[in-house]
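Here is the structure we will look at, set down as structure tokens.
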Amino acid sequence: MDILTLIFGKAGPMLANLSRYVLPLVAVAIVARCVRSMLRERYEPETWAYLYMTGNIMVPLRHWECILGRARSVDGQVDDPSVEKMHACLIRSPQGDWTVYNLGKGETYVNGEPVRTGGAVVRDADVLTLGQISTRFVDLTEQERASLLKYRHAPGRHVRPSVTMLLLTVFQVLLLLQQLTYNPDAGVGVAMGFAILATVQWSYFIVVRASGQRGFEPEILALFLSTVGMSVCASKTPDDMFKQIVLFLAAIGLFVFMCLWLRDLKRVQATRLFAAVAAVGLLAVTLVIAPVRNGARSWIEFGSLTVQPSEFVKVLYVYAGAATLDRLFVNRNLIFYIGFSAACVGLLALMGDFGTALVFFVTFLVISYMRSGSFATAFLAVGSAVLAVMVVLSLKPETLSRFAVWGHVWEDVYEKGYQQVRAMSAAASGGLFGQGAGNGWLVDIYAAETDMVFAVISEEMGLLTALACVGSLLALAGFVVKNASSGRSSYFVIAASATVSMMLVQIILNVFGPMDILPFTGVTFPFASMGGTSLLSFWMLLSFIKSCDTRANASFAVKRPEKFSGGAGVDDDGADYLPEDGYYDDDGYYQGGRSE
Amino acid sequence: MKKVTNRALSVLVLAALVIAGLGVYLVRLVRDGGDWATFYANDSIYTNGLLNRGSVTDRNGTVLAAAGEDGFHYAEDSAVRRGCLHVVGDLEGNIGTSVLSIFRDKFINYSFLTGTTTKGGSMKLTLDADISAAAYNALGSNKGTVLVYNYQTGEILCMVSTPGWDPEQGVPAEPGDGAFINRAVSSTFTPGSVFKLVTMAAAIENIPDIWDQTFTCTGSTVIGGQTVKCSGTHGTITVEQALACSCNVAFGEISRQLGGTLISQYAEKYGLTSAHTLNKDIPTAAGSAPAAANDGDAAWEGIGQYDDLVNPYAFLRFVGAIANGGTVVEPTILYGKRCGTTELIEPSTAKTLSEMMSYNVSYEYGGAGNFPGLELHAKTGTAETYGGSHAWFAGFITNANAPLAFVVLAERAGSGYGVAAPIARTVLQKAVQVLG
């Protein structure tokens with residue numbers, strides 16, 4: 001018996017010590033696999049119809065929303081003085097019907113009939129006249145579509161998501177081992193938390209994979225970051241583990257709901273105004289009822305639960321701020337958008353929430369830049385200036401005093417630089433591989449588990465893991481940019497771009513604030529910071545990234561184009577992932593056939 | 001749509017900012033990580049406010065400071081503790097130029113790759129605990145410093161500064177004057193006659209008939225309207241004799257011939273007016289030798305008074321260069337770390353100075369009878385300051401087993417020959433015995 005105790009007494013710590021070096025490598029491997037899968041795997045652009053210009057020049061329409069006009073930046077260029085720069089907009093419905101809208105002052109005709117407000121239906125072989133120039137619209141035949149699809153690959157061919165999921169599980173097991181070894185407070189609760197986490201992620205994977213979807217990189221990266229957040233929670237307060245896991249379950253639920261909701265763009269379009277009203281309303285209510293905490297009125301307390309409504313408003317802001325092409329360039333919509341943004345940032349300024357106001361402002365800039373056309377630019381420039389002033393107004397004395405110490409934190413280690421110098425000290429002492437999860441001290445410093453989480457990760461899990469965390473968000477950004485080129489609707493492209501912008505701004509503030517490269521503002525690290533509302537909102541925001549993933553059979557947030565469902569999924573090597581039997585249901589889900 | 005999709009690239013601007021920021025962070029982490037990690041709030045290396053890892057020993061393995069099971073301790077012997085205090089430092093960081101302050105990252109074995117996740121470091125210094133203890137005892141109640149180093153290898157065997165305290169007992173309620181300062185590296189003093197070595201070097205290289213000149217000392221003389229007093233009445237003497245008996249009248253005249261600017265240039269050339277770094281990281285204080293504008297001031301400048309200030313460490317380099325044929329082997333306190341060499345003095349000039357310093361000993365300082373066992377080359381200095389004279393004794397020994405250069409300074413303690421030379425004798429004899 002003595003020998004057994006000896007073996008187990010020594011084997012545990014030895015394994016944990018060894019695992020300190022393995023853990024960061026697993027983290028890097030997880031992110032690297034996702035990056036390779038998202039950015040390296042080739043996928044062809046889609047073609048949805050053709051436009052025959054003068055001289056029988058064929059222009060393929062690559063998106064569901066296409067601008068026709070004289071400008072070089074449009075999707076179908078018609079170079080004639082009688083054509084406006086952005087003359088008309090062709091939009092395809094999920095059902096495969098095309099509608100043309102007149103954008104500017106010019107005239108547009110379908111088969112000689114003028115297009116009025118509300119647009120006109122365009123069918124195969126119709127003559128589309130812009131100003132004095134006539135073009136012919138040719139829809140794809142099913143055979144054409146099928147042969148195009150043949151060359152489109154589904155993700156996961158080269159980098160299997162199931163293997164990445166296994167790596168993630170290994171990562172979680174190692175974290176748990178370290179927590180149980182190093183953290184004297186970690187016990188059954190922490191073990192249960194990790195077990196539930198693993199169970200939920202595998203259930204999700206199996207269900208979604210069985211439904212025929214093959215793209216899991218965004219979720220795996222978010223799960224990876226959430227796992228890191230779970231460990232931070234275990235280090236900070238193991239007693240909160242239950243709360244954290246419940247929040248995680250809720251987050252996954254909301255994520256799935258949002259993905260399904262975003263499948264129907266019409267539904268989304270119809271509810272944008274409601275979202276805008278809800279956003280402003282939520283902020284207004286918060287401003288009225290929230291008590292001042294750390295100089296800001298951004299938290300509402302429900303018993304033991306504290307909620308930061310501005311986190312939900314981030315989701316609503318993206319939801320209401322993105323738009324489809326037909327509305328994108330209409331002045332009335334632009335003014336509404338600027339007003340809505342001003343209301344949000346203004347309310348945040350009144351609340352004194354500088355960090356969030358800044359996040360909104362940068363997101364506004366990104367959305368504005370994507371929306372700006374020839375006449376929209378001036379509006380948006382003015383709007384930007386107004387918002388910038390509001391962001392400055394949100395600066396309260398508490399925040400300003402933190403600014404004063406920027407660049408000089410080592411000269412005031414007892415007071416204003418207190419948190420930053422500790423963050424830097426702890427981060428440096430972790431080295432590349434870390435002290436071990438649960439073996440750090442920084443997490444006990446005020447707000448470390450949220451605002452300085454990059455340093456906590458560096459200390460406990462090593463610089464490599466911390467860089468992998470930042471890398472996973474950079475990977476999402478690259479993914480969105482890459483997907484934009486084959487984006488179907490501008491709504492999803494804009495929403496996804498806005499989402500990753502928010503994430504990037506937050507990591508810029510969260511990582512570089514405590515390290516004294518930027519002034520220290522209390523902003524969370526997406527998914528990895530403890531704090532429930534932030535976790536919920538980022539999982540919801542993730543659905544926008546899922547919705548712009550147009551790779552074949554990749555994302556359940558994207559509805560399969562029904563018209564060509566019969567031809568979908570023809571494989572060139574036929575072996576692994578394509579339906580041999582079964583069919584796609586009305587929602588585009590693949591039914592029957594094999595599952596992994 | 002093309003425009004929207006193209007403009008999605010704007011996201012990459014933010015991504016570029018993230019990458020740029022990470023770049024800045026990594027550069028700073030590589031550069032300053034050691035300082036960050038050794039911050040007192042880093043609970044991974046401090047237990048109850050005491051370092052919980054690391055050790056530092058002298059060249060023979062004698063522990064000078066170490067973290068152990070029962071807390072943090074210094075050397076066993078009290079004189080060793082006091083004698084090595086200003087080099088080793090203390091946990092509280094009272095001595096800014098000490099190993100425990102400057103090289104704390106090495107002490108705890110911090111590295112960029114492993115952070116503080118490994119066992120503490122075991123540092124080895126070039127110091128010799130016994131010589132340091134002997135030097136501490138020899139200084140007695142004097143305020144001052146003793147520096148001894150091997151001019152062929154650069155290894156510093158002894159760097160004592162007093163007053164200090166016993167670090168095992170903690171800082172006393174009333175620490176002595178400048179107790180927190182390592183006088184060897186951080187202070188500058190009026191050099192007095194040891195500076196005549198610089199003036200002598202300038203004369204050798206710039207006054208062609210210097211060997212033919214004779215000087216007549218009647219106890220004092222007037223140069224440029226200023227009366228230059230001498231310590232004695234030396235009569236008619238050669239330049240060798242003038243250096244040996246440190247005749248102010250003779251050196252006042254030589255200085256007048258050289259001019260203030262040239263003397264100043266030589267002080268600068270020999271590194272006496274610039275700040276140095278010991279082992280790249282320990283800063284030293286810069287001395288000064290401003291060029292005197294008139295003959296009277298120039299005379300005092302060449303004698304080592306006027307506005308001359310010299311840092312003991314810088315002067316050690318200078319005498320080390322003379323000993324080593326003009327090239328200084330840069331000093332080091334980290335065992336096994338060489339810091340290169342610098343050509344400081346013309347080899348022929350160094351040789352001449354070396355011979356003259358040997359002549360000093362035999363002609364004026366009592367010869368081998370006064371310094372048994374030491375093949376000594378030296379120069380005394382008695383620098384007049386407010387409140388007393390600084391006693392200097394600087395030079396080197398050419399014993400086969402102990403090629404050592406040294407600087408002894410006792411602050412406001414009396415004459416160089418009377419106070420500093422006996423201290424040097426005790427320390428050097430101990431060193432020769434230890435290195436035997």
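Naming works like this for the structure tokens: A, B, ... for the chains as they're shown, residue 1 at the start of each chain, ligands 1 onward in shown order.
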
Near chain B, 8 Å: chain A residue rows, closest pairs, only C-alpha atoms, as a tab-separated table:
```
residue	atom	partner	partner_atom	distance
A:His63	CA	B:Met1	CA	7.2
A:Glu65	CA	B:Met1	CA	6.2
A:Cys66	CA	B:Met1	CA	5.4
A:Ile67	CA	B:Met1	CA	6.2
A:Ser73	CA	B:Lys3	CA	5.6
A:Val74	CA	B:Lys2	CA	5.9
A:Asp75	CA	B:Lys2	CA	5.6
A:Leu325	CA	B:Met1	CA	7.1
A:Val366	CA	B:Ser10	CA	6.9
A:Tyr369	CA	B:Arg7	CA	7.1
A:Met370	CA	B:Val4	CA	5.3
A:Arg371	CA	B:Val4	CA	7.0
A:Val421	CA	B:Trp36	CA	7.4
A:Arg422	CA	B:Ala41	CA	6.8
A:Met424	CA	B:Trp36	CA	6.0
A:Ser425	CA	B:Trp36	CA	4.3
A:Ala426	CA	B:Asn42	CA	6.3
A:Ala427	CA	B:Ala37	CA	7.9
A:Ala428	CA	B:Gly33	CA	5.3
A:Ser429	CA	B:Gly115	CA	4.2
A:Gly430	CA	B:Gly115	CA	4.9
A:Gly431	CA	B:Gly115	CA	3.6
A:Leu432	CA	B:Leu113	CA	5.1
A:Phe433	CA	B:Thr114	CA	6.7
A:Gly434	CA	B:Thr117	CA	7.1
A:Gln435	CA	B:Thr117	CA	5.7
A:Gly440	CA	B:Ser44	CA	7.6
A:Trp441	CA	B:Asp43	CA	6.4
A:Leu474	CA	B:Ala15	CA	6.1
A:Ala477	CA	B:Val11	CA	6.7
A:Gly478	CA	B:Leu12	CA	7.3
A:Val480	CA	B:Ala8	CA	8.0
A:Val481	CA	B:Ala8	CA	5.7
A:Ala484	CA	B:Thr5	CA	5.0
A:Ser485	CA	B:Thr5	CA	5.4
A:Gly487	CA	B:Thr5	CA	7.3
A:Ser489	CA	B:Met1	CA	7.9
A:Ser490	CA	B:Met1	CA	6.3
A:Val493	CA	B:Thr5	CA	6.9
A:Ile494	CA	B:Ala8	CA	7.4
A:Ser497	CA	B:Ala8	CA	6.2
A:Val500	CA	B:Val11	CA	7.4
A:Ser501	CA	B:Val11	CA	6.0
A:Leu504	CA	B:Leu14	CA	6.4
A:Val505	CA	B:Leu14	CA	7.2
A:Ile507	CA	B:Val18	CA	7.7
A:Ile508	CA	B:Val18	CA	5.9
A:Phe512	CA	B:Gly21	CA	6.9
A:Met515	CA	B:Tyr25	CA	7.3
A:Ile517	CA	B:Tyr25	CA	7.4
```

Discussion item. So that I can see what lies close to stretch 222-231 of chain B, please list as a VMD selection string the residues with an atom at most 12 Å from it, counting only C-alpha atoms and leaving out residues fewer than 3 positions away in the same chain.
Written reply: chain B and resid 193 216 to 219 234 to 235 242 245 to 257 259 292 to 303 305 to 306 381 to 384 415

Writing out the chosen residues with C-alpha atoms as a short mmCIF file (atom, residue, chain, number, x, y, z; two decimals), in the first residue's frame:
```
data_model
loop_
_atom_site.label_atom_id
_atom_site.label_comp_id
_atom_site.auth_asym_id
_atom_site.auth_seq_id
_atom_site.Cartn_x
_atom_site.Cartn_y
_atom_site.Cartn_z
CA SER B 193 48.63 63.10 -6.09
CA THR B 216 64.11 73.00 -7.54
CA CYS B 217 61.69 72.76 -4.64
CA THR B 218 61.99 75.23 -1.83
CA GLY B 219 58.71 74.23 -0.20
CA HIS B 234 62.83 68.58 -1.95
CA GLY B 235 65.74 70.66 -3.30
CA ALA B 242 59.59 64.40 -8.32
CA CYS B 245 58.27 62.27 -3.49
CA SER B 246 55.14 63.68 -5.12
CA CYS B 247 56.63 67.15 -5.39
CA ASN B 248 53.93 69.73 -6.02
CA VAL B 249 56.43 72.38 -7.08
CA ALA B 250 57.81 70.13 -9.81
CA PHE B 251 54.38 68.92 -11.00
CA GLY B 252 53.03 72.46 -10.85
CA GLU B 253 55.78 73.45 -13.27
CA ILE B 254 55.21 70.37 -15.49
CA SER B 255 51.49 71.13 -15.55
CA ARG B 256 52.18 74.71 -16.54
CA GLN B 257 54.27 73.44 -19.44
CA GLY B 259 48.58 73.41 -20.08
CA ALA B 292 41.96 74.92 -16.43
CA ALA B 293 42.10 78.23 -18.27
CA ASN B 294 45.18 79.75 -16.58
CA ASP B 295 48.59 78.56 -15.45
CA GLY B 296 47.77 78.66 -11.74
CA ASP B 297 44.69 76.49 -12.11
CA ALA B 298 46.53 74.24 -14.58
CA ALA B 299 49.19 73.62 -11.95
CA TRP B 300 46.57 72.50 -9.44
CA GLU B 301 44.77 70.48 -12.11
CA GLY B 302 47.96 68.49 -12.85
CA ILE B 303 48.47 67.91 -9.14
CA GLN B 305 43.27 69.16 -7.04
CA TYR B 306 41.39 72.02 -8.79
CA GLY B 381 47.76 60.42 -2.97
CA THR B 382 46.71 62.81 -0.26
CA ALA B 383 43.84 64.86 -1.62
CA GLU B 384 42.97 68.00 0.24
CA SER B 415 47.82 60.85 4.20
#
```

Practice prompt. Work out how far apart atom CA of B:Val329 and atom CA of B:Gly154 are and give it in Å to one decimal.
Written response: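 Result for atom CA of B:Val329 versus atom CA of B:Gly154: 5.2 Å, one decimal.
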
Item to complete: Find the residues around stretch 227-232 of chain A up to 9 Å (only C-alpha atoms counted), leave out those fewer than 5 positions away in its own chain, and share them as a PyMOL selection string.
Response: chain A and resi 168+171-172+175-176+179+190+193-194+197+222+237+241+244-245+437-438+443+449+453+456-457+460-461+469+527-530

Take the selection from the previous step and output its residues with C-alpha atoms, as a compact mmCIF listing (two decimals), in the first residue's frame.
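Okay, result-v2.txt is ready:
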```
# COMPACT_ATOMS: atom_id res chain seq x y z
CA LEU A 168 -9.20 20.20 -27.58
CA PHE A 171 -6.12 20.29 -23.76
CA GLN A 172 -9.02 20.16 -21.30
CA LEU A 175 -5.81 21.71 -17.73
CA LEU A 176 -7.91 19.72 -15.29
CA GLN A 179 -5.82 22.44 -11.69
CA VAL A 190 -13.87 21.92 -11.14
CA GLY A 193 -17.18 21.69 -14.85
CA PHE A 194 -14.60 20.36 -17.29
CA LEU A 197 -17.76 21.28 -20.98
CA ALA A 222 -14.43 29.72 -29.38
CA THR A 237 -12.98 31.06 -7.60
CA MET A 241 -17.47 26.95 -11.61
CA GLN A 244 -19.66 29.49 -15.28
CA ILE A 245 -20.78 26.18 -16.74
CA ALA A 437 -3.01 26.09 -14.44
CA GLY A 438 -4.07 26.97 -10.92
CA VAL A 443 -5.63 35.91 -10.68
CA GLU A 449 -9.79 37.33 -14.32
CA VAL A 453 -6.74 37.71 -18.54
CA VAL A 456 -3.19 35.38 -16.29
CA ILE A 457 -3.01 33.00 -19.25
CA GLU A 460 -0.41 29.95 -15.75
CA MET A 461 -0.43 28.45 -19.26
CA CYS A 469 -5.53 32.71 -27.77
CA PHE A 527 -14.66 34.12 -24.62
CA ALA A 528 -11.67 33.77 -22.26
CA SER A 529 -12.49 36.43 -19.68
CA MET A 530 -14.62 35.41 -16.75
```

Discussion item. Please determine, counting only C-alpha atoms, which residue among A:Tyr337, A:Thr533, A:Arg327, A:Glu398 has the shortest atom-to-atom distance to A:Ile300.
Written reply: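 Closest residue, counting only C-alpha atoms: A:Thr533.
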
Go through stretch 143-210 of chain B residue by residue and, counting only C-alpha atoms, keep those with an atom at most 12 Å from stretch 90-95 of chain B; for each kept residue give the shortest atom pair and its distance in Å to one decimal, ordered by chain and increasing number, as a tab-separated table.
```
residue	atom	partner	partner_atom	distance
B:Ser161	CA	B:Ile95	CA	11.2
B:Gly164	CA	B:Ile95	CA	10.3
B:Trp165	CA	B:Asp90	CA	10.3
B:Asp166	CA	B:Asp90	CA	9.8
B:Pro167	CA	B:Asp90	CA	6.4
B:Glu168	CA	B:Asp90	CA	9.0
B:Gln169	CA	B:Asp90	CA	10.9
B:Gly170	CA	B:Asp90	CA	8.7
B:Val171	CA	B:Asn94	CA	8.9
B:Pro175	CA	B:Asn94	CA	11.4
B:Gly178	CA	B:Ile95	CA	10.5
B:Ala179	CA	B:Ile95	CA	8.7
B:Phe180	CA	B:Ile95	CA	5.3
B:Ile181	CA	B:Ile95	CA	6.3
B:Asn182	CA	B:Ile95	CA	7.3
B:Arg183	CA	B:Ile95	CA	10.9
B:Val185	CA	B:Ile95	CA	11.4
B:Ser186	CA	B:Ile95	CA	10.4
```

Practice prompt. Enter the distance from atom CA of A:Val83 to atom CA of A:Gly131, in Å, rounded to one decimal.
Written response: 5.1 Å

Item to complete: Excluding A:Pro514 and residues on its chain fewer than 5 positions from it, collect all residues at most 7 Å away from it, counting only C-alpha atoms, and give them as a ChimeraX atom specification.
Response: /A:420,423,452,520

Discussion item. Taking the DSSP secondary structure from the backbone, can you list the residues of stretch 289-380 of chain B that are strand (DSSP E), as a list of chain:residue names?
Written reply: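 So, restricting stretch 289-380 of chain B to strand (DSSP E), we get B:Thr327, B:Val328, B:Val329, B:Thr341, B:Thr342, B:Glu343, B:Leu376, B:His377, B:Ala378, B:Lys379, B:Thr380.
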
Generate the output file for the selected residues, N, CA and C atoms, as a CSV table (one decimal), in the first residue's frame.
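Saved result, part06.csv, follows:
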```
chain,number,residue,atom,x,y,z
B,327,THR,N,47.2,48.0,-22.1
B,327,THR,CA,45.9,47.5,-22.5
B,327,THR,C,45.2,47.1,-21.2
B,328,VAL,N,44.0,47.6,-21.0
B,328,VAL,CA,43.2,47.2,-19.8
B,328,VAL,C,42.4,46.0,-20.2
B,329,VAL,N,42.5,45.0,-19.3
B,329,VAL,CA,41.5,43.9,-19.4
B,329,VAL,C,40.3,44.3,-18.6
B,341,THR,N,39.0,43.7,-23.8
B,341,THR,CA,40.1,44.5,-23.5
B,341,THR,C,40.0,45.9,-24.2
B,342,THR,N,40.6,46.9,-23.7
B,342,THR,CA,40.6,48.2,-24.3
B,342,THR,C,42.1,48.7,-24.3
B,343,GLU,N,42.5,49.3,-25.4
B,343,GLU,CA,43.8,49.9,-25.4
B,343,GLU,C,43.7,51.3,-24.9
B,376,LEU,N,55.9,45.6,-5.7
B,376,LEU,CA,55.0,46.6,-5.7
B,376,LEU,C,55.3,47.8,-6.6
B,377,HIS,N,54.3,48.3,-7.4
B,377,HIS,CA,54.5,49.5,-8.2
B,377,HIS,C,53.3,50.4,-7.7
B,378,ALA,N,53.5,51.6,-7.2
B,378,ALA,CA,52.4,52.3,-6.7
B,378,ALA,C,52.6,53.8,-6.7
B,379,LYS,N,51.5,54.5,-6.3
B,379,LYS,CA,51.6,55.9,-6.2
B,379,LYS,C,50.6,56.3,-5.0
B,380,THR,N,51.1,57.2,-4.2
B,380,THR,CA,50.3,57.6,-3.1
B,380,THR,C,49.5,58.9,-3.5
```

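Neighbouring residues of A:Gly531 at 7 Å or closer, counting only C-alpha atoms and skipping chain neighbours under 3 positions away, are A:Thr450, A:Ser534, A:Leu535.
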
Output file for the residues above (C-alpha atoms, as a tab-separated table (two decimals), in the first residue's frame):
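Saved the output as part.tsv:
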```tsv
chain	number	residue	atom	x	y	z
A	450	THR	CA	-11.49	39.73	-16.73
A	534	SER	CA	-19.46	38.92	-22.11
A	535	LEU	CA	-19.35	35.15	-22.68
```

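By only C-alpha atoms, and with residues fewer than 5 positions from A:Leu509 along its chain excluded, the set lying at most 9 Å from it is Gly355, Asp451, Leu504, Pro514, Leu518, Pro519, Phe520, Thr521, Gly522, Val523, Thr524 and Phe525 of chain A.
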